[in-house]
>>> print(open('run03.pdb').read())   # PDB, C-alpha atoms
ATOM      1  CA  MET A   1     -76.373   6.472 -28.873
ATOM      2  CA  LYS A   2     -74.286   4.478 -31.347
ATOM      3  CA  ARG A   3     -71.525   7.037 -31.009
ATOM      4  CA  MET A   4     -71.489   6.626 -27.208
ATOM      5  CA  ILE A   5     -71.404   2.830 -27.447
ATOM      6  CA  SER A   6     -68.541   2.968 -29.943
ATOM      7  CA  ILE A   7     -66.478   5.340 -27.814
ATOM      8  CA  ALA A   8     -67.098   3.158 -24.753
ATOM      9  CA  GLY A   9     -65.995   0.080 -26.710
ATOM     10  CA  LEU A  10     -62.779   1.751 -27.814
ATOM     11  CA  ALA A  11     -62.056   2.967 -24.292
ATOM     12  CA  PHE A  12     -62.560  -0.563 -22.943
ATOM     13  CA  LEU A  13     -60.271  -1.950 -25.637
ATOM     14  CA  PHE A  14     -57.418   0.378 -24.688
ATOM     15  CA  TRP A  15     -58.013  -0.289 -20.969
ATOM     16  CA  HIS A  16     -57.890  -4.020 -21.534
ATOM     17  CA  GLN A  17     -54.652  -3.772 -23.486
ATOM     18  CA  GLY A  18     -53.102  -1.749 -20.649
ATOM     19  CA  VAL A  19     -54.089  -4.382 -18.109
ATOM     20  CA  SER A  20     -52.834  -7.210 -20.348
ATOM     21  CA  ALA A  21     -49.445  -5.536 -20.637
ATOM     22  CA  THR A  22     -48.641  -6.750 -17.107
ATOM     23  CA  LEU A  23     -48.704 -10.384 -18.249
ATOM     24  CA  VAL A  24     -45.304 -12.056 -18.662
ATOM     25  CA  SER A  25     -44.592 -15.381 -20.357
ATOM     26  CA  MET A  26     -41.154 -17.011 -20.708
ATOM     27  CA  ASP A  27     -39.801 -20.284 -22.053
ATOM     28  CA  PHE A  28     -37.027 -21.955 -20.022
ATOM     29  CA  ALA A  29     -35.265 -24.606 -22.117
ATOM     30  CA  PHE A  30     -32.952 -27.311 -20.741
ATOM     31  CA  GLN A  31     -30.882 -29.544 -23.011
ATOM     32  CA  ASN A  32     -30.890 -33.343 -22.961
ATOM     33  CA  TYR A  33     -32.623 -34.444 -19.801
ATOM     34  CA  ASP A  34     -31.851 -38.164 -19.385
ATOM     35  CA  PHE A  35     -35.152 -40.059 -19.190
ATOM     36  CA  THR A  36     -33.481 -43.464 -18.950
ATOM     37  CA  VAL A  37     -33.143 -42.944 -15.189
ATOM     38  CA  PHE A  38     -36.842 -43.878 -14.945
ATOM     39  CA  THR A  39     -38.314 -47.340 -15.329
ATOM     40  CA  GLY A  40     -39.287 -47.634 -18.974
ATOM     41  CA  GLY A  41     -37.614 -44.352 -19.867
ATOM     42  CA  THR A  42     -36.170 -44.147 -23.364
ATOM     43  CA  GLY A  43     -33.448 -41.772 -24.474
ATOM     44  CA  SER A  44     -32.952 -38.122 -23.651
ATOM     45  CA  GLY A  45     -34.415 -34.891 -24.916
ATOM     46  CA  ASN A  46     -34.849 -31.191 -24.332
ATOM     47  CA  VAL A  47     -37.467 -29.981 -21.863
ATOM     48  CA  VAL A  48     -39.089 -26.560 -22.039
ATOM     49  CA  PHE A  49     -41.089 -24.909 -19.276
ATOM     50  CA  ARG A  50     -43.465 -22.135 -20.317
ATOM     51  CA  ILE A  51     -44.003 -19.973 -17.235
ATOM     52  CA  SER A  52     -46.617 -17.202 -17.195
ATOM     53  CA  TYR A  53     -47.550 -14.712 -14.493
ATOM     54  CA  ASP A  54     -48.865 -11.258 -13.784
ATOM     55  CA  SER A  55     -45.894  -9.009 -13.076
ATOM     56  CA  ASN A  56     -48.079  -7.095 -10.610
ATOM     57  CA  ALA A  57     -48.965 -10.212  -8.613
ATOM     58  CA  PRO A  58     -48.739  -9.662  -4.834
ATOM     59  CA  ASP A  59     -45.807 -11.117  -2.927
ATOM     60  CA  GLY A  60     -46.999 -13.943  -0.696
ATOM     61  CA  ASN A  61     -43.850 -13.571   1.401
ATOM     62  CA  SER A  62     -43.811  -9.806   1.884
ATOM     63  CA  GLY A  63     -42.176 -10.107   5.310
ATOM     64  CA  ASP A  64     -38.771 -10.932   3.798
ATOM     65  CA  PRO A  65     -37.317  -8.367   1.356
ATOM     66  CA  ASN A  66     -35.013 -10.992  -0.160
ATOM     67  CA  VAL A  67     -37.558 -13.746  -0.786
ATOM     68  CA  GLY A  68     -40.607 -13.319  -3.012
ATOM     69  CA  SER A  69     -43.361 -15.896  -3.556
ATOM     70  CA  TYR A  70     -45.880 -15.469  -6.366
ATOM     71  CA  THR A  71     -48.552 -17.395  -8.247
ATOM     72  CA  GLY A  72     -48.373 -18.242 -11.932
ATOM     73  CA  THR A  73     -48.860 -21.109 -14.369
ATOM     74  CA  GLU A  74     -46.603 -23.791 -15.830
ATOM     75  CA  VAL A  75     -46.733 -25.750 -19.082
ATOM     76  CA  LEU A  76     -44.166 -28.460 -19.909
ATOM     77  CA  MET A  77     -43.104 -29.234 -23.477
ATOM     78  CA  THR A  78     -40.901 -32.230 -24.296
ATOM     79  CA  GLY A  79     -40.744 -35.124 -26.742
ATOM     80  CA  GLY A  80     -43.059 -33.314 -29.134
ATOM     81  CA  GLN A  81     -45.799 -33.198 -26.479
ATOM     82  CA  THR A  82     -47.311 -30.328 -24.496
ATOM     83  CA  SER A  83     -48.824 -30.667 -21.030
ATOM     84  CA  SER A  84     -51.910 -29.052 -19.595
ATOM     85  CA  SER A  85     -51.425 -25.740 -17.803
ATOM     86  CA  VAL A  86     -51.141 -26.072 -14.031
ATOM     87  CA  PRO A  87     -50.911 -23.485 -11.246
ATOM     88  CA  ALA A  88     -47.408 -22.923  -9.906
ATOM     89  CA  ILE A  89     -45.585 -21.053  -7.178
ATOM     90  CA  ILE A  90     -42.756 -18.870  -8.456
ATOM     91  CA  GLU A  91     -40.071 -18.000  -5.924
ATOM     92  CA  VAL A  92     -37.435 -15.288  -6.299
ATOM     93  CA  PHE A  93     -34.454 -15.321  -3.912
ATOM     94  CA  SER A  94     -32.198 -12.284  -4.101
ATOM     95  CA  ASN A  95     -28.872 -11.333  -2.528
ATOM     96  CA  GLY A  96     -27.794 -14.917  -2.007
ATOM     97  CA  SER A  97     -30.814 -15.947   0.054
ATOM     98  CA  GLY A  98     -31.461 -19.179  -1.884
ATOM     99  CA  GLU A  99     -30.943 -22.663  -0.525
ATOM    100  CA  LEU A 100     -27.383 -22.791  -1.909
ATOM    101  CA  GLY A 101     -26.462 -19.336  -0.641
ATOM    102  CA  LYS A 102     -27.101 -17.969  -4.128
ATOM    103  CA  ASP A 103     -29.692 -16.003  -6.044
ATOM    104  CA  GLU A 104     -32.408 -18.396  -7.118
ATOM    105  CA  PHE A 105     -35.445 -18.591  -9.394
ATOM    106  CA  SER A 106     -37.707 -21.559  -8.638
ATOM    107  CA  VAL A 107     -40.950 -22.808 -10.175
ATOM    108  CA  ILE A 108     -42.970 -25.379  -8.219
ATOM    109  CA  PRO A 109     -46.200 -26.825  -9.695
ATOM    110  CA  GLN A 110     -49.128 -27.062  -7.309
ATOM    111  CA  GLN A 111     -50.889 -30.010  -8.945
ATOM    112  CA  ASN A 112     -50.263 -32.855 -11.383
ATOM    113  CA  PHE A 113     -50.617 -32.473 -15.132
ATOM    114  CA  ASN A 114     -54.051 -33.707 -16.181
ATOM    115  CA  PRO A 115     -53.659 -35.909 -18.086
ATOM    116  CA  ALA A 116     -50.075 -36.954 -17.412
ATOM    117  CA  LEU A 117     -47.690 -35.985 -20.220
ATOM    118  CA  PRO A 118     -46.519 -39.021 -22.263
ATOM    119  CA  ALA A 119     -42.920 -38.593 -23.399
ATOM    120  CA  PHE A 120     -39.814 -40.768 -23.743
ATOM    121  CA  GLY A 121     -41.548 -43.928 -22.491
ATOM    122  CA  ILE A 122     -42.947 -42.448 -19.273
ATOM    123  CA  HIS A 123     -45.979 -40.401 -18.192
ATOM    124  CA  ILE A 124     -44.828 -37.198 -16.512
ATOM    125  CA  GLN A 125     -47.068 -36.077 -13.660
ATOM    126  CA  LYS A 126     -45.044 -33.150 -12.345
ATOM    127  CA  ALA A 127     -41.936 -31.174 -13.259
ATOM    128  CA  GLU A 128     -40.130 -28.263 -11.632
ATOM    129  CA  PHE A 129     -36.865 -26.388 -11.923
ATOM    130  CA  GLN A 130     -34.477 -24.061 -10.123
ATOM    131  CA  ILE A 131     -31.945 -21.654 -11.617
ATOM    132  CA  PHE A 132     -28.988 -20.381  -9.538
ATOM    133  CA  ALA A 133     -26.420 -17.586  -9.666
ATOM    134  CA  SER A 134     -23.926 -16.030  -7.276
ATOM    135  CA  ALA A 135     -25.358 -13.548  -4.772
ATOM    136  CA  SER A 136     -26.834 -10.430  -6.403
ATOM    137  CA  GLN A 137     -25.928 -11.608  -9.912
ATOM    138  CA  MET A 138     -29.465 -12.387 -11.075
ATOM    139  CA  PHE A 139     -31.554 -10.264  -8.729
ATOM    140  CA  THR A 140     -31.172  -7.152  -6.580
ATOM    141  CA  SER A 141     -34.703  -7.481  -5.185
ATOM    142  CA  ASP A 142     -37.287 -10.215  -4.704
ATOM    143  CA  GLY A 143     -39.609  -8.793  -7.393
ATOM    144  CA  LEU A 144     -40.723 -10.828 -10.392
ATOM    145  CA  PRO A 145     -38.489 -10.408 -13.466
ATOM    146  CA  LEU A 146     -40.097  -8.727 -16.478
ATOM    147  CA  THR A 147     -37.742 -10.266 -19.070
ATOM    148  CA  PRO A 148     -35.639 -13.454 -19.278
ATOM    149  CA  ALA A 149     -32.391 -11.441 -19.283
ATOM    150  CA  PHE A 150     -31.591 -12.520 -15.706
ATOM    151  CA  VAL A 151     -30.875 -16.081 -16.874
ATOM    152  CA  SER A 152     -27.741 -14.929 -18.710
ATOM    153  CA  SER A 153     -26.146 -14.389 -15.272
ATOM    154  CA  ALA A 154     -27.013 -17.883 -13.996
ATOM    155  CA  ASP A 155     -24.316 -20.485 -13.402
ATOM    156  CA  SER A 156     -26.346 -23.680 -12.808
ATOM    157  CA  ALA A 157     -29.818 -25.183 -12.787
ATOM    158  CA  ILE A 158     -31.702 -28.277 -11.649
ATOM    159  CA  VAL A 159     -34.731 -29.886 -13.330
ATOM    160  CA  ARG A 160     -36.811 -32.414 -11.416
ATOM    161  CA  ILE A 161     -39.260 -34.653 -13.262
ATOM    162  CA  ASP A 162     -41.732 -36.989 -11.542
ATOM    163  CA  PRO A 163     -43.570 -39.749 -13.441
ATOM    164  CA  GLY A 164     -45.292 -40.849 -10.229
ATOM    165  CA  GLU A 165     -42.471 -42.963  -8.866
ATOM    166  CA  GLY A 166     -40.587 -40.055  -7.318
ATOM    167  CA  ALA A 167     -38.893 -37.008  -8.799
ATOM    168  CA  ILE A 168     -35.343 -37.292 -10.135
ATOM    169  CA  GLY A 169     -33.240 -34.186 -10.547
ATOM    170  CA  GLN A 170     -30.626 -33.474 -13.177
ATOM    171  CA  GLY A 171     -28.123 -30.646 -13.011
ATOM    172  CA  PHE A 172     -27.311 -28.313 -15.896
ATOM    173  CA  GLY A 173     -24.330 -26.063 -16.533
ATOM    174  CA  PRO A 174     -24.611 -22.463 -17.801
ATOM    175  CA  ASP A 175     -24.285 -23.561 -21.456
ATOM    176  CA  GLU A 176     -27.034 -26.162 -21.147
ATOM    177  CA  PHE A 177     -30.070 -23.958 -20.567
ATOM    178  CA  HIS A 178     -31.472 -20.638 -21.707
ATOM    179  CA  ALA A 179     -34.639 -18.555 -21.534
ATOM    180  CA  ALA A 180     -36.605 -16.453 -23.989
ATOM    181  CA  SER A 181     -39.819 -14.457 -24.021
ATOM    182  CA  ALA A 182     -42.870 -16.463 -25.073
ATOM    183  CA  PRO A 183     -46.130 -15.268 -26.633
ATOM    184  CA  VAL A 184     -48.971 -14.487 -24.249
ATOM    185  CA  PRO A 185     -52.236 -15.832 -25.693
ATOM    186  CA  GLU A 186     -54.964 -13.201 -25.406
ATOM    187  CA  PRO A 187     -57.908 -14.297 -27.567
ATOM    188  CA  ALA A 188     -60.227 -11.847 -25.820
ATOM    189  CA  ALA A 189     -58.053  -8.944 -26.959
ATOM    190  CA  TYR A 190     -58.654  -9.820 -30.605
ATOM    191  CA  VAL A 191     -62.396  -9.923 -30.089
ATOM    192  CA  LEU A 192     -62.239  -6.500 -28.464
ATOM    193  CA  LEU A 193     -60.044  -5.198 -31.267
ATOM    194  CA  VAL A 194     -62.586  -6.215 -33.890
ATOM    195  CA  ALA A 195     -65.389  -4.689 -31.826
ATOM    196  CA  GLY A 196     -63.411  -1.482 -31.397
ATOM    197  CA  LEU A 197     -62.656  -1.179 -35.104
ATOM    198  CA  ALA A 198     -66.318  -1.814 -35.944
ATOM    199  CA  GLY A 199     -67.278   0.892 -33.455
ATOM    200  CA  LEU A 200     -64.793   3.278 -35.005
ATOM    201  CA  PHE A 201     -66.362   2.628 -38.414
ATOM    202  CA  VAL A 202     -69.769   3.547 -36.996
ATOM    203  CA  VAL A 203     -68.337   6.767 -35.579
ATOM    204  CA  VAL A 204     -66.662   7.971 -38.773
ATOM    205  CA  ARG A 205     -69.194   6.628 -41.295
ATOM    206  CA  PRO A 206     -71.066   9.525 -42.940
ATOM    207  CA  HIS A 207     -74.756   9.595 -42.167
ATOM    208  CA  ARG A 208     -77.199   9.278 -44.998
ATOM    209  CA  ARG A 209     -79.532  12.190 -45.450
TER     210      ARG A 209
END
>>> encode(input="run03.pdb", output="structure tokens")
Amino acid sequence: MKRMISIAGLAFLFWHQGVSATLVSMDFAFQNYDFTVFTGGTGSGNVVFRISYDSNAPDGNSGDPNVGSYTGTEVLMTGGQTSSSVPAIIEVFSNGSGELGKDEFSVIPQQNFNPALPAFGIHIQKAEFQIFASASQMFTSDGLPLTPAFVSSADSAIVRIDPGEGAIGQGFGPDEFHAASAPVPEPAAYVLLVAGLAGLFVVVRPHRR
């Protein structure tokens, strides 16, 4: 019986790791957003969006082969502070179908940070961004990207931050933003790993006679 339980635990561990492999997390960093444009805003600083999603998420706009709409999550990091995670819509525009006639990657939060993120003299309630490139430079389909490599082909970006008095956008040139893969927290996987290793020990441990 113990042997069966152990084998089942190991099988579940490997299955879970296979499912988790579809998760993608990326950090999008923008240099020196000017917070003085807001009432009470002080100075400027880098802003980083951590965007996570399931790469197998269904396309909510499957009727258009050049425009994909997917669900994910957003976390904002700036001024030494980190926001709560909020649901977000991730849009992929390929073949120049974006609002500027370009390829486009957009992240739009679906609710306010709770609590609001205090940074640079203001309390940020929402933040979003768009990254642009010439037609077909970033994307050849409307599928979700698996790595941040597409950002190297981008030529501009816009970040919009809203402290509750209205969002203000700031443009960024190609040398003022970048993206990198971010760790995907999977605490459950570690629990399963320990359980699987314990089960393996039970399987291989010699029985006392």
>>> atom_distance(input="run03.pdb", atom1="atom CA of A:Asn56", atom2="atom CA of A:Thr140")
17.4 Å
>>> atom_distance(input="run03.pdb", atom1="atom CA of A:Lys126", atom2="atom CA of A:Asp64")
28.2 Å
>>> closest_residue(input="run03.pdb", among="A:Gly80, A:Gly143, A:Gly96, A:Pro58", to="A:Phe120", atoms="all atoms listed in the file")
A:Gly80
>>> resolve_selection(input="run03.pdb", expression="the PyMOL selection byres ((chain A and resi 119) around 8)", output="compact mmCIF listing (two decimals) with C-alpha atoms, in the frame of the given file")
# COMPACT_ATOMS: atom_id res chain seq x y z
CA THR A 78 -40.90 -32.23 -24.30
CA GLY A 79 -40.74 -35.12 -26.74
CA GLY A 80 -43.06 -33.31 -29.13
CA GLN A 81 -45.80 -33.20 -26.48
CA LEU A 117 -47.69 -35.98 -20.22
CA PRO A 118 -46.52 -39.02 -22.26
CA PHE A 120 -39.81 -40.77 -23.74
CA GLY A 121 -41.55 -43.93 -22.49
CA ILE A 122 -42.95 -42.45 -19.27
CA HIS A 123 -45.98 -40.40 -18.19
CA ILE A 124 -44.83 -37.20 -16.51
>>> atom_distance(input="run03.pdb", atom1="atom CA of A:Gly171", atom2="atom CA of A:Ser44")
13.9 Å
>>> build_atoms(input="run03.pdb", residues="stretch 33-66 of chain A", atoms="N, CA and C atoms", output="PDB file, keeping the file's coordinate frame")
ATOM      1  N   TYR A  33     -32.303 -33.758 -21.059  1.00  0.00           N
ATOM      2  CA  TYR A  33     -32.623 -34.444 -19.801  1.00  0.00           C
ATOM      3  C   TYR A  33     -32.617 -35.949 -20.086  1.00  0.00           C
ATOM      4  N   ASP A  34     -31.999 -36.719 -19.198  1.00  0.00           N
ATOM      5  CA  ASP A  34     -31.851 -38.164 -19.385  1.00  0.00           C
ATOM      6  C   ASP A  34     -33.059 -38.904 -18.786  1.00  0.00           C
ATOM      7  N   PHE A  35     -33.946 -39.379 -19.657  1.00  0.00           N
ATOM      8  CA  PHE A  35     -35.152 -40.059 -19.190  1.00  0.00           C
ATOM      9  C   PHE A  35     -34.925 -41.536 -18.897  1.00  0.00           C
ATOM     10  N   THR A  36     -33.737 -42.049 -19.215  1.00  0.00           N
ATOM     11  CA  THR A  36     -33.481 -43.464 -18.950  1.00  0.00           C
ATOM     12  C   THR A  36     -33.314 -43.749 -17.457  1.00  0.00           C
ATOM     13  N   VAL A  37     -33.245 -42.732 -16.634  1.00  0.00           N
ATOM     14  CA  VAL A  37     -33.143 -42.944 -15.189  1.00  0.00           C
ATOM     15  C   VAL A  37     -34.463 -43.460 -14.616  1.00  0.00           C
ATOM     16  N   PHE A  38     -35.541 -43.380 -15.398  1.00  0.00           N
ATOM     17  CA  PHE A  38     -36.842 -43.878 -14.945  1.00  0.00           C
ATOM     18  C   PHE A  38     -37.115 -45.262 -15.528  1.00  0.00           C
ATOM     19  N   THR A  39     -37.892 -46.042 -14.826  1.00  0.00           N
ATOM     20  CA  THR A  39     -38.314 -47.340 -15.329  1.00  0.00           C
ATOM     21  C   THR A  39     -39.102 -47.158 -16.625  1.00  0.00           C
ATOM     22  N   GLY A  40     -38.619 -47.755 -17.687  1.00  0.00           N
ATOM     23  CA  GLY A  40     -39.287 -47.634 -18.974  1.00  0.00           C
ATOM     24  C   GLY A  40     -38.867 -46.415 -19.767  1.00  0.00           C
ATOM     25  N   GLY A  41     -38.039 -45.564 -19.177  1.00  0.00           N
ATOM     26  CA  GLY A  41     -37.614 -44.352 -19.867  1.00  0.00           C
ATOM     27  C   GLY A  41     -36.731 -44.654 -21.065  1.00  0.00           C
ATOM     28  N   THR A  42     -36.924 -43.906 -22.135  1.00  0.00           N
ATOM     29  CA  THR A  42     -36.170 -44.147 -23.364  1.00  0.00           C
ATOM     30  C   THR A  42     -35.500 -42.857 -23.828  1.00  0.00           C
ATOM     31  N   GLY A  43     -34.185 -42.877 -23.887  1.00  0.00           N
ATOM     32  CA  GLY A  43     -33.448 -41.772 -24.474  1.00  0.00           C
ATOM     33  C   GLY A  43     -33.426 -40.512 -23.633  1.00  0.00           C
ATOM     34  N   SER A  44     -33.033 -39.436 -24.292  1.00  0.00           N
ATOM     35  CA  SER A  44     -32.952 -38.122 -23.651  1.00  0.00           C
ATOM     36  C   SER A  44     -33.487 -37.076 -24.611  1.00  0.00           C
ATOM     37  N   GLY A  45     -33.879 -35.947 -24.068  1.00  0.00           N
ATOM     38  CA  GLY A  45     -34.415 -34.891 -24.916  1.00  0.00           C
ATOM     39  C   GLY A  45     -34.515 -33.580 -24.174  1.00  0.00           C
ATOM     40  N   ASN A  46     -34.708 -32.512 -24.932  1.00  0.00           N
ATOM     41  CA  ASN A  46     -34.849 -31.191 -24.332  1.00  0.00           C
ATOM     42  C   ASN A  46     -36.194 -31.057 -23.633  1.00  0.00           C
ATOM     43  N   VAL A  47     -36.214 -30.286 -22.560  1.00  0.00           N
ATOM     44  CA  VAL A  47     -37.467 -29.981 -21.863  1.00  0.00           C
ATOM     45  C   VAL A  47     -37.603 -28.461 -21.791  1.00  0.00           C
ATOM     46  N   VAL A  48     -38.817 -27.995 -22.040  1.00  0.00           N
ATOM     47  CA  VAL A  48     -39.089 -26.560 -22.039  1.00  0.00           C
ATOM     48  C   VAL A  48     -40.252 -26.275 -21.102  1.00  0.00           C
ATOM     49  N   PHE A  49     -40.046 -25.367 -20.178  1.00  0.00           N
ATOM     50  CA  PHE A  49     -41.089 -24.909 -19.276  1.00  0.00           C
ATOM     51  C   PHE A  49     -41.588 -23.551 -19.764  1.00  0.00           C
ATOM     52  N   ARG A  50     -42.881 -23.447 -20.017  1.00  0.00           N
ATOM     53  CA  ARG A  50     -43.465 -22.135 -20.317  1.00  0.00           C
ATOM     54  C   ARG A  50     -44.116 -21.612 -19.042  1.00  0.00           C
ATOM     55  N   ILE A  51     -43.549 -20.540 -18.502  1.00  0.00           N
ATOM     56  CA  ILE A  51     -44.003 -19.973 -17.235  1.00  0.00           C
ATOM     57  C   ILE A  51     -44.671 -18.630 -17.510  1.00  0.00           C
ATOM     58  N   SER A  52     -45.873 -18.447 -16.993  1.00  0.00           N
ATOM     59  CA  SER A  52     -46.617 -17.202 -17.195  1.00  0.00           C
ATOM     60  C   SER A  52     -47.087 -16.667 -15.855  1.00  0.00           C
ATOM     61  N   TYR A  53     -47.092 -15.333 -15.733  1.00  0.00           N
ATOM     62  CA  TYR A  53     -47.550 -14.712 -14.493  1.00  0.00           C
ATOM     63  C   TYR A  53     -47.867 -13.250 -14.735  1.00  0.00           C
ATOM     64  N   ASP A  54     -48.578 -12.687 -13.782  1.00  0.00           N
ATOM     65  CA  ASP A  54     -48.865 -11.258 -13.784  1.00  0.00           C
ATOM     66  C   ASP A  54     -47.724 -10.568 -13.040  1.00  0.00           C
ATOM     67  N   SER A  55     -47.039  -9.665 -13.710  1.00  0.00           N
ATOM     68  CA  SER A  55     -45.894  -9.009 -13.076  1.00  0.00           C
ATOM     69  C   SER A  55     -46.295  -8.156 -11.882  1.00  0.00           C
ATOM     70  N   ASN A  56     -47.588  -7.864 -11.759  1.00  0.00           N
ATOM     71  CA  ASN A  56     -48.079  -7.095 -10.610  1.00  0.00           C
ATOM     72  C   ASN A  56     -48.670  -7.987  -9.521  1.00  0.00           C
ATOM     73  N   ALA A  57     -48.428  -9.284  -9.618  1.00  0.00           N
ATOM     74  CA  ALA A  57     -48.965 -10.212  -8.613  1.00  0.00           C
ATOM     75  C   ALA A  57     -48.404  -9.868  -7.234  1.00  0.00           C
ATOM     76  N   PRO A  58     -49.229  -9.978  -6.182  1.00  0.00           N
ATOM     77  CA  PRO A  58     -48.739  -9.662  -4.834  1.00  0.00           C
ATOM     78  C   PRO A  58     -47.744 -10.694  -4.329  1.00  0.00           C
ATOM     79  N   ASP A  59     -46.821 -10.248  -3.524  1.00  0.00           N
ATOM     80  CA  ASP A  59     -45.807 -11.117  -2.927  1.00  0.00           C
ATOM     81  C   ASP A  59     -46.417 -11.839  -1.728  1.00  0.00           C
ATOM     82  N   GLY A  60     -46.462 -13.162  -1.806  1.00  0.00           N
ATOM     83  CA  GLY A  60     -46.999 -13.943  -0.696  1.00  0.00           C
ATOM     84  C   GLY A  60     -46.051 -14.074   0.463  1.00  0.00           C
ATOM     85  N   ASN A  61     -44.835 -13.520   0.329  1.00  0.00           N
ATOM     86  CA  ASN A  61     -43.850 -13.571   1.401  1.00  0.00           C
ATOM     87  C   ASN A  61     -43.297 -12.161   1.614  1.00  0.00           C
ATOM     88  N   SER A  62     -44.203 -11.214   1.804  1.00  0.00           N
ATOM     89  CA  SER A  62     -43.811  -9.806   1.884  1.00  0.00           C
ATOM     90  C   SER A  62     -42.994  -9.472   3.135  1.00  0.00           C
ATOM     91  N   GLY A  63     -42.933 -10.376   4.086  1.00  0.00           N
ATOM     92  CA  GLY A  63     -42.176 -10.107   5.310  1.00  0.00           C
ATOM     93  C   GLY A  63     -40.675 -10.191   5.137  1.00  0.00           C
ATOM     94  N   ASP A  64     -40.211 -10.796   4.037  1.00  0.00           N
ATOM     95  CA  ASP A  64     -38.771 -10.932   3.798  1.00  0.00           C
ATOM     96  C   ASP A  64     -38.428 -10.205   2.505  1.00  0.00           C
ATOM     97  N   PRO A  65     -37.625  -9.154   2.560  1.00  0.00           N
ATOM     98  CA  PRO A  65     -37.317  -8.367   1.356  1.00  0.00           C
ATOM     99  C   PRO A  65     -36.442  -9.102   0.347  1.00  0.00           C
ATOM    100  N   ASN A  66     -35.880 -10.245   0.741  1.00  0.00           N
ATOM    101  CA  ASN A  66     -35.013 -10.992  -0.160  1.00  0.00           C
ATOM    102  C   ASN A  66     -35.654 -12.248  -0.737  1.00  0.00           C
TER     103      ASN A  66
END
